[in-house]
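Participant: Handing over data39.pdb, PDB, C-alpha atoms and all ligand atoms.
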```pdb
ATOM      1  CA  MET A   1       2.463 -18.631  11.784
ATOM      2  CA  PRO A   2      -1.187 -17.583  11.911
ATOM      3  CA  LEU A   3      -2.093 -14.572   9.782
ATOM      4  CA  PRO A   4      -4.455 -11.799  10.856
ATOM      5  CA  ARG A   5      -8.019 -11.775   9.490
ATOM      6  CA  PHE A   6      -9.382  -8.913   7.379
ATOM      7  CA  HIS A   7     -12.852  -7.325   7.608
ATOM      8  CA  THR A   8     -14.737  -4.310   6.321
ATOM      9  CA  ALA A   9     -17.763  -2.656   7.922
ATOM     10  CA  ALA A  10     -19.938   0.414   7.531
ATOM     11  CA  LEU A  11     -19.334   1.696  11.055
ATOM     12  CA  PRO A  12     -16.395   1.440  13.413
ATOM     13  CA  ASP A  13     -16.945  -0.935  16.293
ATOM     14  CA  ALA A  14     -14.534  -2.462  18.779
ATOM     15  CA  PRO A  15     -14.331  -6.203  18.248
ATOM     16  CA  ALA A  16     -11.983  -8.358  20.285
ATOM     17  CA  GLU A  17      -8.434  -8.876  19.019
ATOM     18  CA  LEU A  18      -8.500  -5.621  17.038
ATOM     19  CA  LEU A  19      -4.997  -5.332  15.582
ATOM     20  CA  ALA A  20      -5.393  -2.602  12.959
ATOM     21  CA  SER A  21      -8.144  -0.121  12.312
ATOM     22  CA  LEU A  22      -8.411   2.067   9.224
ATOM     23  CA  LEU A  23     -11.350   4.429   9.215
ATOM     24  CA  HIS A  24     -11.731   6.199   5.870
ATOM     25  CA  GLY A  25     -13.088   9.709   5.593
ATOM     26  CA  PRO A  26     -12.601  13.152   7.105
ATOM     27  CA  ASP A  27     -12.881  11.962  10.717
ATOM     28  CA  GLY A  28     -10.847   8.850  10.134
ATOM     29  CA  ALA A  29      -7.211   7.922  10.417
ATOM     30  CA  LEU A  30      -7.097   7.466   6.656
ATOM     31  CA  PRO A  31      -7.291  11.069   5.553
ATOM     32  CA  LEU A  32      -9.057  10.797   2.185
ATOM     33  CA  PRO A  33     -12.667  11.640   1.292
ATOM     34  CA  LEU A  34     -14.615   8.384   0.930
ATOM     35  CA  LEU A  35     -16.830   8.593  -2.160
ATOM     36  CA  ALA A  36     -18.376   5.120  -1.881
ATOM     37  CA  GLY A  37     -17.977   1.838  -0.041
ATOM     38  CA  PRO A  38     -17.512   0.689   3.558
ATOM     39  CA  ALA A  39     -15.923   3.317   5.800
ATOM     40  CA  TRP A  40     -14.013   0.896   7.929
ATOM     41  CA  ASP A  41     -11.298  -1.716   7.347
ATOM     42  CA  PHE A  42      -9.871  -3.676  10.185
ATOM     43  CA  TRP A  43      -7.554  -6.569  10.883
ATOM     44  CA  ARG A  44      -8.045  -8.971  13.747
ATOM     45  CA  GLY A  45      -5.130 -10.865  15.172
ATOM     46  CA  GLU A  46      -4.669 -14.091  17.074
ATOM     47  CA  ARG A  47      -5.222 -12.576  20.475
ATOM     48  CA  GLU A  48      -5.750  -9.214  22.136
ATOM     49  CA  PRO A  49      -2.749  -7.142  20.992
ATOM     50  CA  ARG A  50      -0.377  -5.194  23.153
ATOM     51  CA  SER A  51      -0.046  -1.602  22.009
ATOM     52  CA  GLY A  52       2.126   1.424  22.604
ATOM     53  CA  GLU A  53       4.242   4.085  21.004
ATOM     54  CA  HIS A  54       7.924   4.071  20.051
ATOM     55  CA  ALA A  55       9.838   6.912  18.356
ATOM     56  CA  GLY A  56       6.510   8.622  17.644
ATOM     57  CA  VAL A  57       5.135   5.495  15.928
ATOM     58  CA  ARG A  58       1.979   3.933  17.331
ATOM     59  CA  TRP A  59       2.034   0.141  17.272
ATOM     60  CA  ALA A  60      -0.157  -2.882  18.020
ATOM     61  CA  ASP A  61       1.333  -6.379  18.302
ATOM     62  CA  ASP A  62      -0.552  -9.671  18.699
ATOM     63  CA  GLY A  63       2.667 -11.677  18.992
ATOM     64  CA  GLU A  64       2.607 -12.572  15.282
ATOM     65  CA  SER A  65       1.637  -9.476  13.327
ATOM     66  CA  LEU A  66       2.411  -5.844  13.866
ATOM     67  CA  PHE A  67       0.491  -2.742  12.796
ATOM     68  CA  LEU A  68       2.249   0.617  12.804
ATOM     69  CA  HIS A  69       0.952   4.146  12.274
ATOM     70  CA  LEU A  70       2.812   7.429  12.112
ATOM     71  CA  THR A  71       1.730  10.963  11.207
ATOM     72  CA  VAL A  72       4.121  13.785  10.349
ATOM     73  CA  SER A  73       2.710  17.292  10.831
ATOM     74  CA  GLU A  74       2.079  19.475   7.805
ATOM     75  CA  ALA A  75       4.713  21.950   9.105
ATOM     76  CA  GLU A  76       7.471  19.310   9.285
ATOM     77  CA  TRP A  77       6.386  17.628   6.050
ATOM     78  CA  GLN A  78       6.303  20.755   3.876
ATOM     79  CA  ARG A  79       9.519  22.237   5.316
ATOM     80  CA  ASP A  80      11.663  19.457   3.812
ATOM     81  CA  PRO A  81       9.723  16.472   2.426
ATOM     82  CA  ALA A  82      12.835  14.343   1.792
ATOM     83  CA  ALA A  83      14.187  14.850   5.299
ATOM     84  CA  ALA A  84      10.735  14.318   6.851
ATOM     85  CA  SER A  85      10.242  11.106   4.863
ATOM     86  CA  GLU A  86      13.668   9.771   5.731
ATOM     87  CA  ALA A  87      13.081  10.541   9.411
ATOM     88  CA  ALA A  88       9.628   8.918   9.267
ATOM     89  CA  TYR A  89      10.982   5.728   7.701
ATOM     90  CA  ARG A  90      13.893   5.593  10.148
ATOM     91  CA  ARG A  91      11.374   5.864  13.004
ATOM     92  CA  LEU A  92       9.225   3.133  11.440
ATOM     93  CA  GLU A  93      12.324   0.931  11.224
ATOM     94  CA  ALA A  94      13.214   1.658  14.843
ATOM     95  CA  ALA A  95       9.663   0.775  15.911
ATOM     96  CA  ARG A  96       9.625  -2.451  13.885
ATOM     97  CA  GLN A  97      12.944  -3.515  15.355
ATOM     98  CA  GLN A  98      11.463  -3.344  18.875
ATOM     99  CA  HIS A  99       9.460  -6.432  17.876
ATOM    100  CA  PRO A 100      11.599  -9.461  17.035
ATOM    101  CA  ASP A 101      11.391 -11.203  13.684
ATOM    102  CA  ARG A 102       8.843  -8.966  11.930
ATOM    103  CA  HIS A 103       9.118  -8.382   8.215
ATOM    104  CA  TRP A 104       7.479  -5.532   6.304
ATOM    105  CA  TRP A 105       4.442  -6.757   4.375
ATOM    106  CA  ARG A 106       2.526  -3.689   3.277
ATOM    107  CA  LEU A 107       2.784   0.101   3.625
ATOM    108  CA  TRP A 108       0.251   2.813   2.843
ATOM    109  CA  ASN A 109       1.610   6.340   2.394
ATOM    110  CA  TYR A 110      -0.641   9.399   2.161
ATOM    111  CA  LEU A 111       1.175  12.590   1.191
ATOM    112  CA  GLY A 112      -0.221  16.115   1.531
ATOM    113  CA  GLY A 113       0.132  18.134  -1.687
ATOM    114  CA  ILE A 114       1.792  15.153  -3.398
ATOM    115  CA  LEU A 115       2.327  16.959  -6.718
ATOM    116  CA  SER A 116       3.472  20.340  -5.433
ATOM    117  CA  GLY A 117       7.025  21.336  -6.328
ATOM    118  CA  GLU A 118       8.767  21.166  -9.682
ATOM    119  CA  GLY A 119      10.933  18.402 -11.137
ATOM    120  CA  ASP A 120      13.022  16.601  -8.528
ATOM    121  CA  ASP A 121      11.602  18.942  -5.862
ATOM    122  CA  GLU A 122       8.104  17.550  -6.280
ATOM    123  CA  ARG A 123       6.883  16.211  -2.935
ATOM    124  CA  TYR A 124       6.314  12.681  -4.185
ATOM    125  CA  ARG A 125       9.852  12.513  -5.589
ATOM    126  CA  GLN A 126      11.258  13.935  -2.364
ATOM    127  CA  PHE A 127       9.305  11.308  -0.429
ATOM    128  CA  THR A 128      10.754   8.598  -2.683
ATOM    129  CA  LEU A 129      14.250   9.955  -2.042
ATOM    130  CA  GLY A 130      13.797  10.026   1.745
ATOM    131  CA  ARG A 131      12.275   6.531   1.868
ATOM    132  CA  HIS A 132      15.131   5.236  -0.311
ATOM    133  CA  ARG A 133      17.766   6.766   1.991
ATOM    134  CA  ALA A 134      16.174   5.282   5.105
ATOM    135  CA  TRP A 135      15.850   1.849   3.540
ATOM    136  CA  ALA A 136      19.327   1.910   2.001
ATOM    137  CA  ALA A 137      20.584   2.397   5.556
ATOM    138  CA  ASN A 138      18.581  -0.644   6.697
ATOM    139  CA  GLY A 139      19.370  -3.056   3.876
ATOM    140  CA  GLN A 140      15.716  -3.096   2.694
ATOM    141  CA  LEU A 141      16.383  -2.387  -0.996
ATOM    142  CA  GLY A 142      16.472  -4.651  -4.039
ATOM    143  CA  ASP A 143      13.996  -7.445  -4.668
ATOM    144  CA  SER A 144      12.903  -7.902  -1.045
ATOM    145  CA  LEU A 145      10.668  -4.837  -0.911
ATOM    146  CA  PRO A 146       7.132  -4.833   0.542
ATOM    147  CA  ALA A 147       3.964  -3.748  -1.259
ATOM    148  CA  ALA A 148       3.012  -0.075  -1.023
ATOM    149  CA  THR A 149       0.628   2.673  -1.990
ATOM    150  CA  ALA A 150       1.566   6.364  -2.254
ATOM    151  CA  ILE A 151      -1.395   8.688  -2.761
ATOM    152  CA  GLY A 152      -1.947  12.391  -2.252
ATOM    153  CA  CYS A 153      -4.096  13.763   0.546
ATOM    154  CA  ASP A 154      -4.806  17.233   1.912
ATOM    155  CA  GLN A 155      -1.932  17.724   4.332
ATOM    156  CA  GLY A 156       0.804  16.045   6.348
ATOM    157  CA  LEU A 157       2.416  12.660   5.795
ATOM    158  CA  HIS A 158       0.579   9.587   7.070
ATOM    159  CA  VAL A 159       2.058   6.096   6.989
ATOM    160  CA  PHE A 160       0.292   2.873   7.960
ATOM    161  CA  ALA A 161       2.089  -0.453   7.859
ATOM    162  CA  LEU A 162       1.597  -4.155   8.428
ATOM    163  CA  ALA A 163       4.528  -6.398   9.304
ATOM    164  CA  GLY A 164       4.732  -9.898  10.704
ATOM    165  CA  ARG A 165       6.673 -13.066  11.309
ATOM    166  CA  ALA A 166       5.710 -14.543   7.935
ATOM    167  CA  ILE A 167       8.352 -13.776   5.317
ATOM    168  CA  PRO A 168       6.798 -12.054   2.275
ATOM    169  CA  LEU A 169       7.638 -12.939  -1.294
ATOM    170  CA  ALA A 170       7.972  -9.862  -3.531
ATOM    171  CA  ILE A 171       6.009 -10.165  -6.780
ATOM    172  CA  GLU A 172       6.763  -8.065  -9.869
ATOM    173  CA  ASN A 173       4.705  -7.403 -12.997
ATOM    174  CA  PRO A 174       6.130  -8.600 -16.337
ATOM    175  CA  ARG A 175       4.208  -5.780 -18.112
ATOM    176  CA  GLN A 176       5.992  -3.130 -16.044
ATOM    177  CA  VAL A 177       9.543  -2.179 -15.196
ATOM    178  CA  SER A 178      10.016  -2.821 -11.475
ATOM    179  CA  ALA A 179       9.490   0.508  -9.720
ATOM    180  CA  TRP A 180      12.862   0.138  -7.968
ATOM    181  CA  ARG A 181      14.442   0.079 -11.463
ATOM    182  CA  TYR A 182      12.626   3.140 -12.848
ATOM    183  CA  PRO A 183      14.936   5.415 -14.874
ATOM    184  CA  ARG A 184      16.310   8.730 -13.604
ATOM    185  CA  VAL A 185      13.546  10.825 -15.261
ATOM    186  CA  TYR A 186      11.185   9.952 -12.373
ATOM    187  CA  GLY A 187      13.439  11.306  -9.640
ATOM    188  CA  LEU A 188      16.824  11.118  -7.955
ATOM    189  CA  GLN A 189      16.106   7.619  -6.610
ATOM    190  CA  PRO A 190      13.546   5.067  -7.791
ATOM    191  CA  PRO A 191      10.474   4.241  -5.675
ATOM    192  CA  SER A 192      11.101   1.450  -3.164
ATOM    193  CA  PHE A 193       8.174  -0.960  -3.427
ATOM    194  CA  ALA A 194       7.240  -4.297  -4.984
ATOM    195  CA  ARG A 195       4.168  -4.667  -7.202
ATOM    196  CA  ALA A 196       2.750  -7.115  -4.661
ATOM    197  CA  ALA A 197       3.716  -9.023  -1.534
ATOM    198  CA  LEU A 198       2.616 -12.619  -1.050
ATOM    199  CA  VAL A 199       2.518 -13.371   2.664
ATOM    200  CA  PRO A 200       2.286 -17.114   3.280
ATOM    201  CA  SER A 201       1.262 -19.146   6.294
ATOM    202  CA  GLY A 202       1.480 -22.849   5.537
ATOM    203  CA  ASP A 203      -0.656 -23.275   2.432
ATOM    204  CA  ALA A 204      -2.717 -20.090   3.003
ATOM    205  CA  ALA A 205      -1.605 -16.560   2.138
ATOM    206  CA  TRP A 206      -2.491 -12.901   1.818
ATOM    207  CA  LEU A 207      -1.621 -11.160  -1.406
ATOM    208  CA  PHE A 208      -1.208  -7.408  -0.962
ATOM    209  CA  VAL A 209      -1.225  -5.703  -4.371
ATOM    210  CA  SER A 210       0.372  -2.243  -4.436
ATOM    211  CA  GLY A 211      -1.244   0.789  -5.992
ATOM    212  CA  THR A 212      -1.624  -0.174  -9.659
ATOM    213  CA  ALA A 213      -2.010   2.426 -12.386
ATOM    214  CA  SER A 214      -2.021   2.825 -16.158
ATOM    215  CA  ILE A 215       1.718   2.320 -16.570
ATOM    216  CA  VAL A 216       3.262  -0.021 -19.137
ATOM    217  CA  GLY A 217       7.016  -0.463 -19.009
ATOM    218  CA  HIS A 218       7.654   2.691 -16.999
ATOM    219  CA  GLU A 219       5.487   5.055 -19.076
ATOM    220  CA  SER A 220       2.022   6.405 -18.327
ATOM    221  CA  ARG A 221      -0.583   5.310 -20.883
ATOM    222  CA  HIS A 222      -3.954   6.696 -22.052
ATOM    223  CA  VAL A 223      -3.366  10.242 -20.819
ATOM    224  CA  GLY A 224      -6.709  12.061 -20.617
ATOM    225  CA  ASP A 225      -8.824   8.871 -20.907
ATOM    226  CA  VAL A 226      -9.925   7.650 -17.477
ATOM    227  CA  THR A 227     -11.857   4.677 -18.850
ATOM    228  CA  ALA A 228      -8.829   3.395 -20.744
ATOM    229  CA  GLN A 229      -6.571   4.068 -17.737
ATOM    230  CA  PHE A 230      -8.843   1.971 -15.550
ATOM    231  CA  ALA A 231      -8.767  -0.866 -18.096
ATOM    232  CA  GLU A 232      -4.952  -0.705 -18.283
ATOM    233  CA  ALA A 233      -4.668  -0.681 -14.490
ATOM    234  CA  ARG A 234      -6.883  -3.775 -14.353
ATOM    235  CA  ALA A 235      -4.714  -5.486 -16.963
ATOM    236  CA  ASN A 236      -1.732  -4.772 -14.694
ATOM    237  CA  LEU A 237      -3.616  -6.117 -11.678
ATOM    238  CA  ASP A 238      -4.402  -9.321 -13.595
ATOM    239  CA  ALA A 239      -0.751  -9.656 -14.634
ATOM    240  CA  VAL A 240       0.411  -9.286 -11.015
ATOM    241  CA  LEU A 241      -2.131 -11.895  -9.943
ATOM    242  CA  ASP A 242      -0.895 -14.309 -12.626
ATOM    243  CA  ALA A 243       2.707 -13.745 -11.531
ATOM    244  CA  ALA A 244       1.757 -14.400  -7.896
ATOM    245  CA  ALA A 245      -0.104 -17.584  -8.845
ATOM    246  CA  THR A 246       2.931 -18.858 -10.727
ATOM    247  CA  GLN A 247       5.200 -18.163  -7.764
ATOM    248  CA  ALA A 248       2.749 -19.772  -5.323
ATOM    249  CA  GLY A 249       2.162 -22.812  -7.527
ATOM    250  CA  VAL A 250      -1.604 -22.224  -7.760
ATOM    251  CA  VAL A 251      -3.984 -21.037 -10.472
ATOM    252  CA  THR A 252      -5.014 -17.374 -10.595
ATOM    253  CA  ALA A 253      -8.625 -18.243  -9.749
ATOM    254  CA  ASP A 254      -7.464 -19.625  -6.384
ATOM    255  CA  PHE A 255      -6.957 -16.038  -5.199
ATOM    256  CA  VAL A 256     -10.164 -14.746  -3.600
ATOM    257  CA  PRO A 257     -10.603 -10.951  -3.859
ATOM    258  CA  ARG A 258     -11.264  -9.433  -0.433
ATOM    259  CA  ASN A 259     -10.888  -5.668  -0.924
ATOM    260  CA  PHE A 260     -10.270  -3.030  -3.574
ATOM    261  CA  LYS A 261      -9.461   0.627  -3.121
ATOM    262  CA  LEU A 262     -10.057   2.795  -6.148
ATOM    263  CA  TYR A 263      -8.318   6.170  -5.953
ATOM    264  CA  TYR A 264      -9.331   9.044  -8.240
ATOM    265  CA  SER A 265      -7.173  12.163  -8.604
ATOM    266  CA  ASP A 266     -10.346  14.102  -9.487
ATOM    267  CA  ALA A 267     -13.458  13.152  -7.515
ATOM    268  CA  ALA A 268     -15.663  14.057 -10.498
ATOM    269  CA  ASP A 269     -14.146  11.162 -12.472
ATOM    270  CA  ALA A 270     -15.628   8.703  -9.980
ATOM    271  CA  ALA A 271     -19.116  10.009 -10.749
ATOM    272  CA  ARG A 272     -18.464  10.089 -14.497
ATOM    273  CA  HIS A 273     -17.243   6.470 -14.606
ATOM    274  CA  PRO A 274     -19.398   4.477 -12.166
ATOM    275  CA  HIS A 275     -18.833   1.234 -14.087
ATOM    276  CA  ALA A 276     -15.277   0.997 -12.708
ATOM    277  CA  ALA A 277     -16.366   0.898  -9.077
ATOM    278  CA  GLU A 278     -19.296  -1.362  -9.968
ATOM    279  CA  ALA A 279     -17.001  -3.865 -11.671
ATOM    280  CA  LEU A 280     -14.760  -4.108  -8.602
ATOM    281  CA  ALA A 281     -17.578  -3.977  -6.039
ATOM    282  CA  ALA A 282     -19.143  -7.012  -7.740
ATOM    283  CA  LEU A 283     -16.027  -8.945  -6.674
ATOM    284  CA  ALA A 284     -15.261  -7.623  -3.162
ATOM    285  CA  PRO A 285     -15.959  -4.664  -0.844
ATOM    286  CA  THR A 286     -14.573  -1.624  -2.656
ATOM    287  CA  GLN A 287     -13.751   1.817  -1.342
ATOM    288  CA  VAL A 288     -13.809   4.668  -3.825
ATOM    289  CA  LEU A 289     -11.551   7.423  -2.523
ATOM    290  CA  HIS A 290     -10.579  10.894  -3.616
ATOM    291  CA  GLY A 291      -6.799  10.599  -3.579
ATOM    292  CA  VAL A 292      -4.298  12.118  -5.979
ATOM    293  CA  VAL A 293      -2.190   9.655  -7.988
ATOM    294  CA  CYS A 294       1.535  10.425  -7.938
ATOM    295  CA  ARG A 295       1.904  11.333 -11.625
ATOM    296  CA  ARG A 296      -0.006  14.349 -12.923
ATOM    297  CA  GLU A 297      -1.183  12.491 -16.031
ATOM    298  CA  LEU A 298      -2.611   9.523 -14.107
ATOM    299  CA  ALA A 299      -6.277   9.802 -13.113
ATOM    300  CA  VAL A 300      -6.927   6.518 -11.351
ATOM    301  CA  GLU A 301      -5.191   3.820  -9.321
ATOM    302  CA  ILE A 302      -6.386   0.469  -7.938
ATOM    303  CA  GLU A 303      -5.024  -1.410  -4.934
ATOM    304  CA  ALA A 304      -6.174  -4.881  -4.015
ATOM    305  CA  LEU A 305      -6.144  -7.504  -1.312
ATOM    306  CA  TYR A 306      -6.551 -11.187  -2.172
ATOM    307  CA  GLU A 307      -6.684 -14.224   0.044
ATOM    308  CA  LEU A 308      -5.315 -17.612  -0.862
ATOM    309  CA  PRO A 309      -7.468 -19.877   1.299
ATOM    310  CA  ALA A 310      -5.918 -22.872   3.046
ATOM    311  CA  GLY A 311      -6.083 -25.956   0.863
ATOM    312  CA  ALA A 312      -5.589 -24.198  -2.479
ATOM    313  CA  ALA A 313      -1.838 -24.658  -2.569
ATOM    314  CA  ARG A 314       0.879 -26.914  -1.350
ATOM    315  CA  ALA A 315       2.939 -25.128   1.316
ATOM    316  CA  ILE A 316       4.403 -21.960  -0.184
ATOM    317  CA  ALA A 317       8.148 -21.857   0.205
ATOM    318  CA  PRO A 318       9.384 -18.394   1.264
TER
HETATM  319  C1  LIG B   1       3.655   3.466 -10.060
HETATM  320  O1  LIG B   1       3.374   2.324 -10.435
HETATM  321  C2  LIG B   1       2.499   4.293  -9.562
HETATM  322  O2  LIG B   1       5.931   5.057  -4.292
HETATM  323  O3  LIG B   1       5.119   3.618  -2.865
HETATM  324  C3  LIG B   1       2.125   3.067  -6.825
HETATM  325  C4  LIG B   1       2.281   2.359  -5.631
HETATM  326  C5  LIG B   1       2.932   4.162  -7.071
HETATM  327  C6  LIG B   1       3.252   2.733  -4.696
HETATM  328  C7  LIG B   1       5.107   4.197  -3.967
HETATM  329  C8  LIG B   1       3.898   4.527  -6.123
HETATM  330  C9  LIG B   1       4.053   3.823  -4.949
HETATM  331  O4  LIG B   1       4.798   3.918 -10.116
HETATM  332  C10 LIG B   1       2.789   4.976  -8.296
END
```
Would you kindly transcribe this structure into structure tokens?
Facilitator:
Amino acid sequence: MPLPRFHTAALPDAPAELLASLLHGPDGALPLPLLAGPAWDFWRGEREPRSGEHAGVRWADDGESLFLHLTVSEAEWQRDPAAASEAAYRRLEAARQQHPDRHWWRLWNYLGGILSGEGDDERYRQFTLGRHRAWAANGQLGDSLPAATAIGCDQGLHVFALAGRAIPLAIENPRQVSAWRYPRVYGLQPPSFARAALVPSGDAAWLFVSGTASIVGHESRHVGDVTAQFAEARANLDAVLDAAATQAGVVTADFVPRNFKLYYSDAADAARHPHAAEALAALAPTQVLHGVVCRRELAVEIEALYELPAGAARAIAP
């Protein structure tokens, strides 16, 4: 099962076999201000994809991998975030099921006004509830969840997703409680995502690492200290990478970093702490984005993409 190839570039272009296109910035599909780094991410498939729309979800399919994109209007989203999220995830499921044998790999969720609302009514918690309801109905819960990011944007609900024939292996972080086991204090239902998804093809693989923050166990750490939060998030990223290496039967250094996204709740923190972006950009193309992390006390979040090149591992058993 061939996997799609990942690229970044400064300017959008239209290469052949374009499967997925994520343009960052105000004019882009990814609705967050880009503070630094390449504006464009894209995935190229095996062949020129077919594309279309189903249940309001735009899709592209190269026969192996599937990219999906859905936007919910600000009016629908803010009227009832739980209902809008459940409907969005049911539509995503319906769209995925139009394409045989595709498994969720990775989802990106951008939520307008993510922290507005009090307690269980907070938009992020309502999103979590709606996503949980949709996935409970589709048997997606438990330890088979895909990787995900959930970050605040200006308005509306925007979901991007990759799925494919390769069966992902969910990876958890021994330093953290699995998000799907978070206690009741974080909302009516726990968030439905894995810390990472390892997507194998023979002895090669993609490792999609979910949004990773300064959380140990299930508690936020280093409140008010962005530098320490970044260091803790990196320690979590390293722990996820080690766990993935163990499951894949390789050493951690076999994973080649290909992309980082560094989200800051407050854009001024990015300017105050340039060493964080520099440290990641030394390893792989890094986008620094103004995006609000889903807990008020968390200032920064890192997501990552790693490649396990062919030849590093024996075949990875799903
Ligand atoms: C956390 O670890 C931080 O709800 O899909 C990170 C990545 C976070 C994904 C999601 C939430 C999500 O709980 C928040």
Participant: Pull out every residue that the PyMOL selection byres (((chain A and resi 20) around 6) and not hetatm) matches in the shown coordinates and put them as a list in words.
Facilitator: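 That selection, the PyMOL selection byres (((chain A and resi 20) around 6) and not hetatm), comes back as Leu18, Leu19, Ser21, Phe42, Trp43 and Phe67 of chain A.
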Participant: Would you compute an axis-aligned box for segment 239-246 of chain A, covering every atom listed for it in the file with 3 Å of margin on each side, and report centre and edge lengths in Å to one decimal as AutoDock Vina command-line options?
Facilitator:
```
--center_x 0.4 --center_y -14.1 --center_z -11.3 --size_x 11.1 --size_y 15.6 --size_z 12.7
```
Participant: How many Å lie between atom CA of Arg96 of chain A and atom CA of Phe6 of chain A, rounded to one decimal?
Facilitator: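 A separation of 21.1 Å between them.
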Participant: Quick one: distance from atom O3 of ligand LIG 1 (chain B) to atom CA of Glu303 of chain A in Å, one decimal?
Facilitator: 11.5 Å
Participant: Could I get the residues of chain A with an atom no further than 6 Å from an atom of ligand LIG 1 (chain B), each paired with its nearest atom pair and that distance in Å to one decimal, using all atoms listed in the file, sorted by chain and residue number, as a Markdown table?
Facilitator:
```
| residue | atom | partner | partner_atom | distance |
| --- | --- | --- | --- | --- |
| A:Ala148 | CA | B:LIG1 | C6 | 4.6 |
| A:Thr149 | CA | B:LIG1 | C6 | 3.8 |
| A:Ala150 | CA | B:LIG1 | C9 | 4.5 |
| A:Ala179 | CA | B:LIG1 | O4 | 5.8 |
| A:Pro191 | CA | B:LIG1 | O2 | 4.8 |
| A:Phe193 | CA | B:LIG1 | O3 | 5.5 |
| A:Ser210 | CA | B:LIG1 | C4 | 5.1 |
| A:Gly211 | CA | B:LIG1 | C4 | 3.9 |
| A:Thr212 | CA | B:LIG1 | O1 | 5.6 |
| A:Ala213 | CA | B:LIG1 | C2 | 5.6 |
| A:Cys294 | CA | B:LIG1 | C10 | 5.6 |
```
Participant: Please produce an output containing C-alpha atoms for each residue in the selection, written as a PDB file, in the coordinates of the input.
Facilitator:
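So out_8.pdb came out as:
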```
ATOM      1  CA  ALA A 148       3.012  -0.075  -1.023  1.00  0.00           C
ATOM      2  CA  THR A 149       0.628   2.673  -1.990  1.00  0.00           C
ATOM      3  CA  ALA A 150       1.566   6.364  -2.254  1.00  0.00           C
ATOM      4  CA  ALA A 179       9.490   0.508  -9.720  1.00  0.00           C
ATOM      5  CA  PRO A 191      10.474   4.241  -5.675  1.00  0.00           C
ATOM      6  CA  PHE A 193       8.174  -0.960  -3.427  1.00  0.00           C
ATOM      7  CA  SER A 210       0.372  -2.243  -4.436  1.00  0.00           C
ATOM      8  CA  GLY A 211      -1.244   0.789  -5.992  1.00  0.00           C
ATOM      9  CA  THR A 212      -1.624  -0.174  -9.659  1.00  0.00           C
ATOM     10  CA  ALA A 213      -2.010   2.426 -12.386  1.00  0.00           C
ATOM     11  CA  CYS A 294       1.535  10.425  -7.938  1.00  0.00           C
TER      12      CYS A 294
END
```
Participant: Mind checking which residues fall within 8 Å of segment 223-228 of chain A, counting all atoms listed in the file, ignoring those fewer than 6 positions away in the same chain, and posting them as a PDB file with C-alpha atoms, keeping the file's coordinate frame?
Facilitator:
```
ATOM      1  CA  ASP A 269     -14.146  11.162 -12.472  1.00  0.00           C
ATOM      2  CA  HIS A 273     -17.243   6.470 -14.606  1.00  0.00           C
ATOM      3  CA  ALA A 276     -15.277   0.997 -12.708  1.00  0.00           C
ATOM      4  CA  GLU A 297      -1.183  12.491 -16.031  1.00  0.00           C
ATOM      5  CA  LEU A 298      -2.611   9.523 -14.107  1.00  0.00           C
ATOM      6  CA  ALA A 299      -6.277   9.802 -13.113  1.00  0.00           C
ATOM      7  CA  VAL A 300      -6.927   6.518 -11.351  1.00  0.00           C
TER       8      VAL A 300
END
```
Participant: Rank nothing, just name the residue among A:Glu17, A:Asp254, A:Asp242, A:Glu74 nearest to Gln155 of chain A, using all atoms listed in the file.
Facilitator: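 When distances to Gln155 of chain A are compared using all atoms listed in the file, the smallest one comes from A:Glu74.
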Participant: Can you turn the PyMOL selection byres (((chain A and resi 124) around 8) and not hetatm) into a concrete residue list for this file, as a list in words?
Facilitator: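 Checking the PyMOL selection byres (((chain A and resi 124) around 8) and not hetatm) against this file, the residues are Leu111, Ile114, Leu115, Glu122, Arg123, Arg125, Gln126, Phe127, Thr128 and Cys294 of chain A.
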Participant: Just give me the gap between atom CA of Ala271 of chain A and atom CA of His7 of chain A in Å, one decimal is fine.
Facilitator: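 So the answer is 26.0 Å.
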Participant: Would you pick out the contacts of Ser51 of chain A at 8 Å or less, using all atoms listed in the file, so that residues sharing its chain but fewer than 3 positions from it are not included, and give the list as a PyMOL selection string?
Facilitator: chain A and resi 58-61
Participant: Any chance you could export the current selection's C-alpha atoms as an mmCIF file, in the coordinates of the input?
Facilitator:
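Generated file (result20.cif):
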```
data_model
loop_
_atom_site.group_PDB
_atom_site.id
_atom_site.type_symbol
_atom_site.label_atom_id
_atom_site.label_comp_id
_atom_site.auth_asym_id
_atom_site.auth_seq_id
_atom_site.Cartn_x
_atom_site.Cartn_y
_atom_site.Cartn_z
ATOM 1 C CA ARG A 58 1.979 3.933 17.331
ATOM 2 C CA TRP A 59 2.034 0.141 17.272
ATOM 3 C CA ALA A 60 -0.157 -2.882 18.020
ATOM 4 C CA ASP A 61 1.333 -6.379 18.302
#
```
Participant: Which residues, written as a ChimeraX atom specification, have at least one atom at most 9 Å from segment 195-204 of chain A, with all atoms listed in the file counted and residues fewer than 2 positions away on the same chain left out?
Facilitator: /A:1-3,105-106,145-148,166-173,178-179,193,206-212,240-241,244,248,307-318
Participant: Translate the PyMOL selection byres (((chain A and resi 175) around 10) and not hetatm), as applied to the file shown, into an explicit residue set as a list of chain:residue names.
Facilitator: A:Glu172, A:Asn173, A:Pro174, A:Gln176, A:Val177, A:Ser178, A:Ile215, A:Val216, A:Gly217, A:His218, A:Ala235, A:Asn236, A:Ala239, A:Val240
Participant: I'd like the neighbourhood of Phe260 of chain A as a list in words, where a residue qualifies if any of its atoms comes within 9 Å (using only C-alpha atoms), though same-chain residues fewer than 2 positions away should be ignored.
Facilitator: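 Returned residues: Pro257, Arg258, Leu262, Leu280, Ala281, Leu283, Ala284, Pro285, Thr286, Gln287, Val288, Ile302, Glu303, Ala304 and Leu305 of chain A.
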